[in-house]
$ cat target28.pdb   # PDB, C-alpha atoms, pLDDT in the B column
ATOM      1  CA  MET L   1      99.295  18.394 101.791  1.00 50.00           C
ATOM      2  CA  VAL L   2      97.723  17.767  98.394  1.00 43.00           C
ATOM      3  CA  ASN L   3      94.242  17.824  99.904  1.00 48.00           C
ATOM      4  CA  LEU L   4      95.011  21.076 101.754  1.00 40.00           C
ATOM      5  CA  ALA L   5      96.254  22.678  98.564  1.00 44.00           C
ATOM      6  CA  LEU L   6      93.147  21.608  96.687  1.00 40.00           C
ATOM      7  CA  ALA L   7      90.956  22.965  99.471  1.00 45.00           C
ATOM      8  CA  ASN L   8      92.730  26.298  99.439  1.00 48.00           C
ATOM      9  CA  SER L   9      92.456  26.486  95.677  1.00 52.00           C
ATOM     10  CA  HIS L  10      88.718  25.727  95.811  1.00 48.00           C
ATOM     11  CA  SER L  11      88.171  28.412  98.491  1.00 49.00           C
ATOM     12  CA  CYS L  12      89.998  31.044  96.471  1.00 49.00           C
ATOM     13  CA  LYS L  13      87.929  30.265  93.378  1.00 48.00           C
ATOM     14  CA  HIS L  14      84.713  30.467  95.435  1.00 47.00           C
ATOM     15  CA  LEU L  15      85.805  33.807  96.915  1.00 45.00           C
ATOM     16  CA  ARG L  16      86.627  35.217  93.479  1.00 51.00           C
ATOM     17  CA  VAL L  17      83.226  34.126  92.136  1.00 46.00           C
ATOM     18  CA  SER L  18      81.409  35.715  95.111  1.00 49.00           C
ATOM     19  CA  ARG L  19      83.305  38.973  94.708  1.00 49.00           C
ATOM     20  CA  GLY L  20      82.576  38.976  90.994  1.00 49.00           C
ATOM     21  CA  ARG L  21      78.863  38.499  91.601  1.00 47.00           C
ATOM     22  CA  LEU L  22      78.854  41.295  94.211  1.00 42.00           C
ATOM     23  CA  ALA L  23      80.670  43.667  91.873  1.00 49.00           C
ATOM     24  CA  LEU L  24      78.271  42.796  89.066  1.00 43.00           C
ATOM     25  CA  GLY L  25      75.274  43.530  91.329  1.00 47.00           C
ATOM     26  CA  ILE L  26      76.678  46.898  92.363  1.00 47.00           C
ATOM     27  CA  ALA L  27      77.447  47.822  88.793  1.00 48.00           C
ATOM     28  CA  GLN L  28      73.949  46.906  87.659  1.00 56.00           C
ATOM     29  CA  GLY L  29      72.154  49.077  90.309  1.00 63.00           C
ATOM     30  CA  PHE L  30      68.330  49.295  89.957  1.00 68.00           C
ATOM     31  CA  THR L  31      66.574  47.417  87.260  1.00 82.00           C
ATOM     32  CA  LEU L  32      64.441  49.458  84.845  1.00 80.00           C
ATOM     33  CA  VAL L  33      61.233  48.422  86.582  1.00 81.00           C
ATOM     34  CA  GLU L  34      62.607  49.379  89.982  1.00 80.00           C
ATOM     35  CA  PHE L  35      63.831  52.730  88.682  1.00 79.00           C
ATOM     36  CA  VAL L  36      60.461  53.582  87.122  1.00 82.00           C
ATOM     37  CA  LEU L  37      58.673  52.562  90.323  1.00 86.00           C
ATOM     38  CA  VAL L  38      60.919  54.737  92.513  1.00 84.00           C
ATOM     39  CA  ALA L  39      60.567  57.690  90.144  1.00 85.00           C
ATOM     40  CA  ALA L  40      56.778  57.382  90.097  1.00 86.00           C
ATOM     41  CA  ILE L  41      56.581  57.244  93.884  1.00 89.00           C
ATOM     42  CA  SER L  42      58.864  60.285  94.158  1.00 87.00           C
ATOM     43  CA  VAL L  43      56.729  62.273  91.712  1.00 88.00           C
ATOM     44  CA  ILE L  44      53.548  61.387  93.616  1.00 90.00           C
ATOM     45  CA  VAL L  45      55.084  62.423  96.943  1.00 89.00           C
ATOM     46  CA  LEU L  46      56.286  65.734  95.475  1.00 89.00           C
ATOM     47  CA  MET L  47      52.871  66.453  93.927  1.00 89.00           C
ATOM     48  CA  VAL L  48      51.069  65.777  97.193  1.00 86.00           C
ATOM     49  CA  ALA L  49      53.533  67.939  99.117  1.00 86.00           C
ATOM     50  CA  ALA L  50      53.182  70.783  96.587  1.00 85.00           C
ATOM     51  CA  ARG L  51      49.374  70.592  96.696  1.00 84.00           C
ATOM     52  CA  LEU L  52      49.410  70.714 100.489  1.00 83.00           C
ATOM     53  CA  SER L  53      51.787  73.683 100.460  1.00 82.00           C
ATOM     54  CA  VAL L  54      49.620  75.613  97.996  1.00 80.00           C
ATOM     55  CA  SER L  55      46.488  74.824  99.986  1.00 80.00           C
ATOM     56  CA  GLU L  56      48.106  75.999 103.220  1.00 82.00           C
ATOM     57  CA  ALA L  57      49.324  79.187 101.534  1.00 82.00           C
ATOM     58  CA  ARG L  58      45.868  79.977 100.109  1.00 81.00           C
ATOM     59  CA  SER L  59      44.257  79.342 103.479  1.00 83.00           C
ATOM     60  CA  ALA L  60      46.755  81.640 105.194  1.00 86.00           C
ATOM     61  CA  ILE L  61      46.164  84.398 102.613  1.00 84.00           C
ATOM     62  CA  ARG L  62      42.374  84.146 102.963  1.00 84.00           C
ATOM     63  CA  THR L  63      42.653  84.334 106.741  1.00 87.00           C
ATOM     64  CA  TYR L  64      44.877  87.406 106.476  1.00 88.00           C
ATOM     65  CA  VAL L  65      42.536  89.136 104.009  1.00 88.00           C
ATOM     66  CA  TYR L  66      39.420  88.416 106.080  1.00 87.00           C
ATOM     67  CA  GLN L  67      41.100  89.676 109.231  1.00 90.00           C
ATOM     68  CA  SER L  68      42.155  92.855 107.421  1.00 90.00           C
ATOM     69  CA  LEU L  69      38.573  93.392 106.235  1.00 91.00           C
ATOM     70  CA  ARG L  70      37.212  92.868 109.746  1.00 91.00           C
ATOM     71  CA  ASP L  71      39.728  95.363 111.120  1.00 93.00           C
ATOM     72  CA  GLN L  72      38.761  97.863 108.414  1.00 93.00           C
ATOM     73  CA  MET L  73      35.070  97.440 109.224  1.00 93.00           C
ATOM     74  CA  ALA L  74      35.758  97.923 112.929  1.00 93.00           C
ATOM     75  CA  ARG L  75      37.558 101.220 112.217  1.00 93.00           C
ATOM     76  CA  VAL L  76      34.699 102.506 110.045  1.00 94.00           C
ATOM     77  CA  THR L  77      31.938 101.585 112.491  1.00 94.00           C
ATOM     78  CA  PHE L  78      33.951 103.013 115.378  1.00 93.00           C
ATOM     79  CA  LEU L  79      34.311 106.331 113.541  1.00 92.00           C
ATOM     80  CA  ILE L  80      30.651 106.566 112.554  1.00 94.00           C
ATOM     81  CA  GLU L  81      29.287 105.545 115.933  1.00 92.00           C
ATOM     82  CA  GLY L  82      31.711 107.854 117.735  1.00 89.00           C
ATOM     83  CA  GLU L  83      30.815 110.852 115.610  1.00 89.00           C
ATOM     84  CA  VAL L  84      27.082 110.214 115.804  1.00 91.00           C
ATOM     85  CA  ALA L  85      27.340 109.823 119.578  1.00 90.00           C
ATOM     86  CA  GLU L  86      28.752 113.378 119.747  1.00 84.00           C
ATOM     87  CA  ALA L  87      26.183 114.752 117.326  1.00 86.00           C
ATOM     88  CA  SER L  88      22.670 116.118 117.035  1.00 79.00           C
ATOM     89  CA  GLU L  89      20.115 116.712 114.314  1.00 83.00           C
ATOM     90  CA  LEU L  90      20.868 113.447 112.549  1.00 90.00           C
ATOM     91  CA  SER L  91      19.182 113.293 109.169  1.00 91.00           C
ATOM     92  CA  SER L  92      19.096 111.314 105.942  1.00 91.00           C
ATOM     93  CA  THR L  93      18.108 114.424 103.992  1.00 91.00           C
ATOM     94  CA  ARG L  94      20.940 116.512 102.585  1.00 90.00           C
ATOM     95  CA  PRO L  95      20.957 120.170 103.632  1.00 86.00           C
ATOM     96  CA  ALA L  96      22.021 121.850 100.404  1.00 84.00           C
ATOM     97  CA  SER L  97      23.650 124.814 102.113  1.00 80.00           C
ATOM     98  CA  LEU L  98      25.691 122.712 104.552  1.00 80.00           C
ATOM     99  CA  CYS L  99      26.460 119.626 102.473  1.00 84.00           C
ATOM    100  CA  PRO L 100      27.209 120.812  98.952  1.00 83.00           C
ATOM    101  CA  ALA L 101      26.538 118.359  96.165  1.00 84.00           C
ATOM    102  CA  VAL L 102      29.531 116.339  95.015  1.00 83.00           C
ATOM    103  CA  ALA L 103      29.796 115.009  91.465  1.00 85.00           C
ATOM    104  CA  ASN L 104      29.509 111.230  91.130  1.00 88.00           C
ATOM    105  CA  ARG L 105      28.766 110.833  94.831  1.00 91.00           C
ATOM    106  CA  THR L 106      25.629 109.546  96.567  1.00 93.00           C
ATOM    107  CA  PHE L 107      24.570 111.247  99.782  1.00 94.00           C
ATOM    108  CA  LEU L 108      24.086 108.898 102.766  1.00 95.00           C
ATOM    109  CA  PHE L 109      23.396 110.871 105.962  1.00 95.00           C
ATOM    110  CA  THR L 110      24.393 114.007 107.849  1.00 93.00           C
ATOM    111  CA  PHE L 111      24.566 115.301 111.410  1.00 91.00           C
ATOM    112  CA  LYS L 112      25.689 118.359 113.334  1.00 86.00           C
ATOM    113  CA  HIS L 113      28.707 117.925 115.591  1.00 80.00           C
ATOM    114  CA  SER L 114      27.444 119.304 118.884  1.00 70.00           C
ATOM    115  CA  TYR L 115      30.801 119.513 120.647  1.00 66.00           C
ATOM    116  CA  THR L 116      32.051 121.872 117.976  1.00 60.00           C
ATOM    117  CA  GLN L 117      28.865 123.879 118.140  1.00 57.00           C
ATOM    118  CA  SER L 118      28.632 124.241 121.924  1.00 54.00           C
ATOM    119  CA  GLN L 119      32.260 124.317 123.065  1.00 55.00           C
ATOM    120  CA  LEU L 120      34.220 125.784 120.178  1.00 54.00           C
ATOM    121  CA  GLY L 121      31.784 128.443 119.085  1.00 54.00           C
ATOM    122  CA  GLY L 122      31.243 127.083 115.606  1.00 58.00           C
ATOM    123  CA  SER L 123      28.850 124.875 113.718  1.00 60.00           C
ATOM    124  CA  ALA L 124      30.007 121.795 111.851  1.00 76.00           C
ATOM    125  CA  ASN L 125      27.773 119.694 109.664  1.00 85.00           C
ATOM    126  CA  ILE L 126      29.320 116.386 108.704  1.00 90.00           C
ATOM    127  CA  CYS L 127      28.065 114.479 105.680  1.00 93.00           C
ATOM    128  CA  TYR L 128      28.840 110.964 104.493  1.00 95.00           C
ATOM    129  CA  TRP L 129      28.922 110.023 100.824  1.00 94.00           C
ATOM    130  CA  ARG L 130      29.804 107.076  98.629  1.00 94.00           C
ATOM    131  CA  ASP L 131      30.883 106.944  94.999  1.00 93.00           C
ATOM    132  CA  ASN L 132      30.043 104.478  92.253  1.00 91.00           C
ATOM    133  CA  SER L 133      32.885 102.202  93.341  1.00 90.00           C
ATOM    134  CA  ASN L 134      31.528 102.034  96.897  1.00 91.00           C
ATOM    135  CA  ASN L 135      34.292 104.138  98.403  1.00 94.00           C
ATOM    136  CA  LEU L 136      33.115 105.870 101.581  1.00 95.00           C
ATOM    137  CA  TYR L 137      33.728 109.624 101.907  1.00 95.00           C
ATOM    138  CA  ARG L 138      33.246 112.141 104.683  1.00 94.00           C
ATOM    139  CA  TYR L 139      32.651 115.861 104.199  1.00 91.00           C
ATOM    140  CA  GLY L 140      33.408 118.140 107.139  1.00 87.00           C
ATOM    141  CA  PRO L 141      36.211 119.555 109.268  1.00 84.00           C
ATOM    142  CA  LYS L 142      39.129 117.213 109.783  1.00 82.00           C
ATOM    143  CA  PHE L 143      40.546 115.770 112.978  1.00 80.00           C
ATOM    144  CA  ASP L 144      43.682 116.988 114.706  1.00 79.00           C
ATOM    145  CA  ASP L 145      46.473 114.616 113.657  1.00 74.00           C
ATOM    146  CA  ARG L 146      48.025 114.667 117.126  1.00 81.00           C
ATOM    147  CA  THR L 147      45.032 114.538 119.456  1.00 78.00           C
ATOM    148  CA  GLY L 148      42.290 113.071 117.273  1.00 74.00           C
ATOM    149  CA  VAL L 149      39.953 115.910 118.313  1.00 77.00           C
ATOM    150  CA  LEU L 150      37.654 117.361 115.684  1.00 77.00           C
ATOM    151  CA  LEU L 151      38.882 120.790 114.679  1.00 77.00           C
ATOM    152  CA  PRO L 152      36.362 123.656 114.467  1.00 72.00           C
ATOM    153  CA  PRO L 153      35.374 124.936 111.014  1.00 66.00           C
ATOM    154  CA  THR L 154      37.203 128.206 111.743  1.00 67.00           C
ATOM    155  CA  VAL L 155      40.468 126.261 111.935  1.00 71.00           C
ATOM    156  CA  ALA L 156      39.915 123.413 109.506  1.00 70.00           C
ATOM    157  CA  ILE L 157      37.966 124.246 106.368  1.00 78.00           C
ATOM    158  CA  PRO L 158      35.458 121.454 105.626  1.00 82.00           C
ATOM    159  CA  SER L 159      36.579 119.209 102.822  1.00 85.00           C
ATOM    160  CA  LEU L 160      35.791 115.860 101.232  1.00 89.00           C
ATOM    161  CA  ARG L 161      38.050 113.028 102.410  1.00 91.00           C
ATOM    162  CA  LEU L 162      38.181 109.311 101.740  1.00 93.00           C
ATOM    163  CA  VAL L 163      37.225 107.388 104.866  1.00 93.00           C
ATOM    164  CA  SER L 164      37.432 103.807 103.655  1.00 93.00           C
ATOM    165  CA  PRO L 165      37.866 102.232 100.190  1.00 92.00           C
ATOM    166  CA  ARG L 166      35.519  99.531  98.943  1.00 92.00           C
ATOM    167  CA  THR L 167      33.078 100.202 101.780  1.00 93.00           C
ATOM    168  CA  ARG L 168      29.366 100.046 101.091  1.00 93.00           C
ATOM    169  CA  LEU L 169      26.786 101.255 103.602  1.00 94.00           C
ATOM    170  CA  TYR L 170      23.297 100.035 102.754  1.00 93.00           C
ATOM    171  CA  ASP L 171      19.824  99.658 104.286  1.00 94.00           C
ATOM    172  CA  ILE L 172      20.367 103.041 105.948  1.00 94.00           C
ATOM    173  CA  ALA L 173      17.532 104.240 108.180  1.00 94.00           C
ATOM    174  CA  VAL L 174      17.389 107.346 110.368  1.00 93.00           C
ATOM    175  CA  SER L 175      14.637 107.789 112.957  1.00 91.00           C
ATOM    176  CA  GLN L 176      14.444 109.763 116.204  1.00 88.00           C
ATOM    177  CA  GLY L 177      18.167 110.247 116.539  1.00 90.00           C
ATOM    178  CA  VAL L 178      19.045 106.638 115.721  1.00 94.00           C
ATOM    179  CA  LEU L 179      21.107 105.610 112.702  1.00 95.00           C
ATOM    180  CA  LYS L 180      20.781 102.016 111.509  1.00 95.00           C
ATOM    181  CA  TYR L 181      22.774 100.598 108.640  1.00 95.00           C
ATOM    182  CA  LYS L 182      24.549  97.549 107.280  1.00 94.00           C
ATOM    183  CA  ILE L 183      28.087  97.507 105.964  1.00 94.00           C
ATOM    184  CA  LYS L 184      30.032  95.495 103.413  1.00 93.00           C
ATOM    185  CA  ILE L 185      33.800  95.709 103.057  1.00 92.00           C
ATOM    186  CA  GLY L 186      35.864  94.577 100.074  1.00 89.00           C
ATOM    187  CA  ILE L 187      34.950  93.393  96.598  1.00 80.00           C
ATOM    188  CA  ASP L 188      33.810  90.126  95.061  1.00 71.00           C
ATOM    189  CA  ALA L 189      35.992  88.829  92.266  1.00 65.00           C
ATOM    190  CA  SER L 190      36.745  85.645  90.396  1.00 61.00           C
ATOM    191  CA  GLY L 191      39.803  84.283  88.673  1.00 59.00           C
ATOM    192  CA  SER L 192      43.422  84.042  89.725  1.00 58.00           C
ATOM    193  CA  GLY L 193      43.303  87.267  91.733  1.00 59.00           C
ATOM    194  CA  SER L 194      40.134  86.421  93.635  1.00 67.00           C
ATOM    195  CA  ILE L 195      42.078  85.166  96.645  1.00 69.00           C
ATOM    196  CA  TRP L 196      43.095  88.764  97.385  1.00 71.00           C
ATOM    197  CA  ASN L 197      39.764  90.317  96.347  1.00 77.00           C
ATOM    198  CA  LEU L 198      37.352  89.087  98.969  1.00 84.00           C
ATOM    199  CA  SER L 199      34.472  90.765 100.759  1.00 86.00           C
ATOM    200  CA  TYR L 200      33.240  90.720 104.328  1.00 87.00           C
ATOM    201  CA  ASP L 201      29.538  91.278 104.966  1.00 88.00           C
ATOM    202  CA  PRO L 202      28.311  90.202 108.411  1.00 86.00           C
ATOM    203  CA  SER L 203      24.757  91.230 107.382  1.00 83.00           C
ATOM    204  CA  SER L 204      24.174  92.378 110.949  1.00 88.00           C
ATOM    205  CA  GLU L 205      22.573  95.754 111.600  1.00 91.00           C
ATOM    206  CA  GLN L 206      24.812  98.461 113.020  1.00 92.00           C
ATOM    207  CA  VAL L 207      23.266 101.049 115.334  1.00 91.00           C
ATOM    208  CA  ALA L 208      24.509 104.526 116.258  1.00 91.00           C
ATOM    209  CA  ARG L 209      22.632 106.937 118.537  1.00 91.00           C
ATOM    210  CA  VAL L 210      23.015 110.679 118.840  1.00 88.00           C
ATOM    211  CA  GLY L 211      23.775 112.287 122.173  1.00 76.00           C
ATOM    212  CA  THR L 212      25.209 109.211 123.901  1.00 66.00           C
ATOM    213  CA  ALA L 213      28.567 110.929 124.420  1.00 54.00           C
ATOM    214  CA  CYS L 214      27.286 114.082 126.128  1.00 48.00           C
ATOM    215  CA  MET L 215      29.633 115.339 128.807  1.00 40.00           C
ATOM    216  CA  SER L 216      26.758 115.747 131.317  1.00 40.00           C
ATOM    217  CA  SER L 217      23.114 114.802 131.466  1.00 38.00           C
ATOM    218  CA  ALA L 218      22.194 118.488 131.806  1.00 40.00           C
ATOM    219  CA  SER L 219      23.411 119.126 128.264  1.00 42.00           C
ATOM    220  CA  THR L 220      21.210 116.426 126.756  1.00 40.00           C
ATOM    221  CA  THR L 221      18.083 117.210 124.775  1.00 41.00           C
ATOM    222  CA  SER L 222      15.719 115.039 122.782  1.00 37.00           C
ATOM    223  CA  THR L 223      17.799 115.627 119.660  1.00 40.00           C
ATOM    224  CA  GLY L 224      21.320 115.327 121.023  1.00 40.00           C
ATOM    225  CA  CYS L 225      23.961 117.291 122.975  1.00 43.00           C
ATOM    226  CA  TRP L 226      23.980 121.084 123.264  1.00 36.00           C
TER     227      TRP L 226
END
$ encode --input "target28.pdb" --output "structure tokens"
Amino acid sequence: MVNLALANSHSCKHLRVSRGRLALGIAQGFTLVEFVLVAAISVIVLMVAARLSVSEARSAIRTYVYQSLRDQMARVTFLIEGEVAEASELSSTRPASLCPAVANRTFLFTFKHSYTQSQLGGSANICYWRDNSNNLYRYGPKFDDRTGVLLPPTVAIPSLRLVSPRTRLYDIAVSQGVLKYKIKIGIDASGSGSIWNLSYDPSSEQVARVGTACMSSASTTSTGCW
């Protein structure tokens, strides 16, 4: 009995010591070295994650901007090539009486819209200009907002309208009813806002030919559609 009591007493003391050590360990938590190490690792992980997020965001913005510039260029080239295809008498010389001078604008090229001339009983000279900020302008009768058809001068008085902002046509050449040019969209910039101010310049030559949209081959002449 005495031995059993001593054994029980020894076990209880050992259990109290173990519990005390466990409670002391929980109360102590991390040591200072462990805490600093965990904090440093956490900061590094957060910095890497933030850098990756910023990089992904910048890449997504650049992709969006470039796609927008490509879409803008496609709209401009589609308009020019479509109008020239329905035109005649393409020229890089400004006819003073048909394309009046515009202040702070540089003349690019002009043509006569043959559909308007032959089918609607009028004559429409269309002129393209650019300003000092490389904004592209078009002088001539406007299009019908519902059908997209060019209105005759008797219905729509010719006026100067912005075709596309930040659009530079260069290396323009006109010869035998063929218009060749290059196009640059957007602006080049540096600094914090440069991610939104990009430019797209494929440096490839664009070609537009007069008379390629004639309604019948019988209406085609060497200079266009009549």
$ residues_around --input "target28.pdb" --residues "segment 150-159 of chain L" --least-positions-apart "6" --cutoff "6 Å" --atoms "all atoms listed in the file" --output "ChimeraX atom specification"
/L:116,139-141,143
$ write_last_selection --input "target28.pdb" --atoms "C-alpha atoms" --output "PDB file, keeping the file's coordinate frame"
ATOM      1  CA  THR L 116      32.051 121.872 117.976  1.00 60.00           C
ATOM      2  CA  TYR L 139      32.651 115.861 104.199  1.00 91.00           C
ATOM      3  CA  GLY L 140      33.408 118.140 107.139  1.00 87.00           C
ATOM      4  CA  PRO L 141      36.211 119.555 109.268  1.00 84.00           C
ATOM      5  CA  PHE L 143      40.546 115.770 112.978  1.00 80.00           C
TER       6      PHE L 143
END
$ closest_residue --input "target28.pdb" --among "L:Arg62, L:Arg166, L:Lys112, L:Arg130" --to "Gly211 of chain L" --atoms "only C-alpha atoms"
L:Lys112
$ residues_around --input "target28.pdb" --residues "Thr106 of chain L" --least-positions-apart "3" --cutoff "12 Å" --atoms "only C-alpha atoms" --output "JSON, numbers by chain"
{"L": [92, 93, 94, 99, 100, 101, 102, 103, 109, 127, 128, 129, 130, 131, 132, 133, 134, 135, 136, 137, 138, 168, 169, 170]}
$ atom_distance --input "target28.pdb" --atom1 "atom CA of Ser97 of chain L" --atom2 "atom CA of Ala85 of chain L"
23.3 Å
$ closest_residue --input "target28.pdb" --among "L:Glu81, L:Ser114, L:Ser164, L:Leu69" --to "Pro202 of chain L" --atoms "all atoms listed in the file"
L:Leu69
$ atom_distance --input "target28.pdb" --atom1 "atom CA of Leu162 of chain L" --atom2 "atom CA of Arg105 of chain L"
11.8 Å
$ residues_near_point --input "target28.pdb" --point "(23.3, 110.7, 114.5)" --cutoff "8 Å" --atoms "all atoms listed in the file" --output "list of chain:residue names"
L:Glu83, L:Val84, L:Ala85, L:Ala87, L:Ser88, L:Glu89, L:Leu90, L:Ser91, L:Thr110, L:Phe111, L:Val174, L:Gly177, L:Val178, L:Leu179, L:Ala208, L:Arg209, L:Val210, L:Gly211
$ atom_distance --input "target28.pdb" --atom1 "atom CA of Tyr64 of chain L" --atom2 "atom CA of Lys184 of chain L"
17.2 Å
$ closest_atom_pairs --input "target28.pdb" --of "segment 13-111 of chain L" --to "segment 204-207 of chain L" --cutoff "12 Å" --atoms "only C-alpha atoms" --output "tab-separated table"
residue	atom	partner	partner_atom	distance
L:Met73	CA	L:Gln206	CA	11.0
L:Ala74	CA	L:Gln206	CA	11.0
L:Val76	CA	L:Gln206	CA	11.1
L:Thr77	CA	L:Gln206	CA	7.8
L:Phe78	CA	L:Gln206	CA	10.5
L:Ile80	CA	L:Val207	CA	9.6
L:Glu81	CA	L:Val207	CA	7.5
L:Gly82	CA	L:Val207	CA	11.1
L:Val84	CA	L:Val207	CA	9.9
L:Ala85	CA	L:Val207	CA	10.6
$ closest_residue --input "target28.pdb" --among "L:Thr63, L:Ser203, L:Asn104, L:Gln72" --to "Pro165 of chain L" --atoms "all atoms listed in the file"
L:Gln72
$ closest_residue --input "target28.pdb" --among "L:Val38, L:Ser68, L:His113, L:Met47" --to "Asn125 of chain L" --atoms "all atoms listed in the file"
L:His113
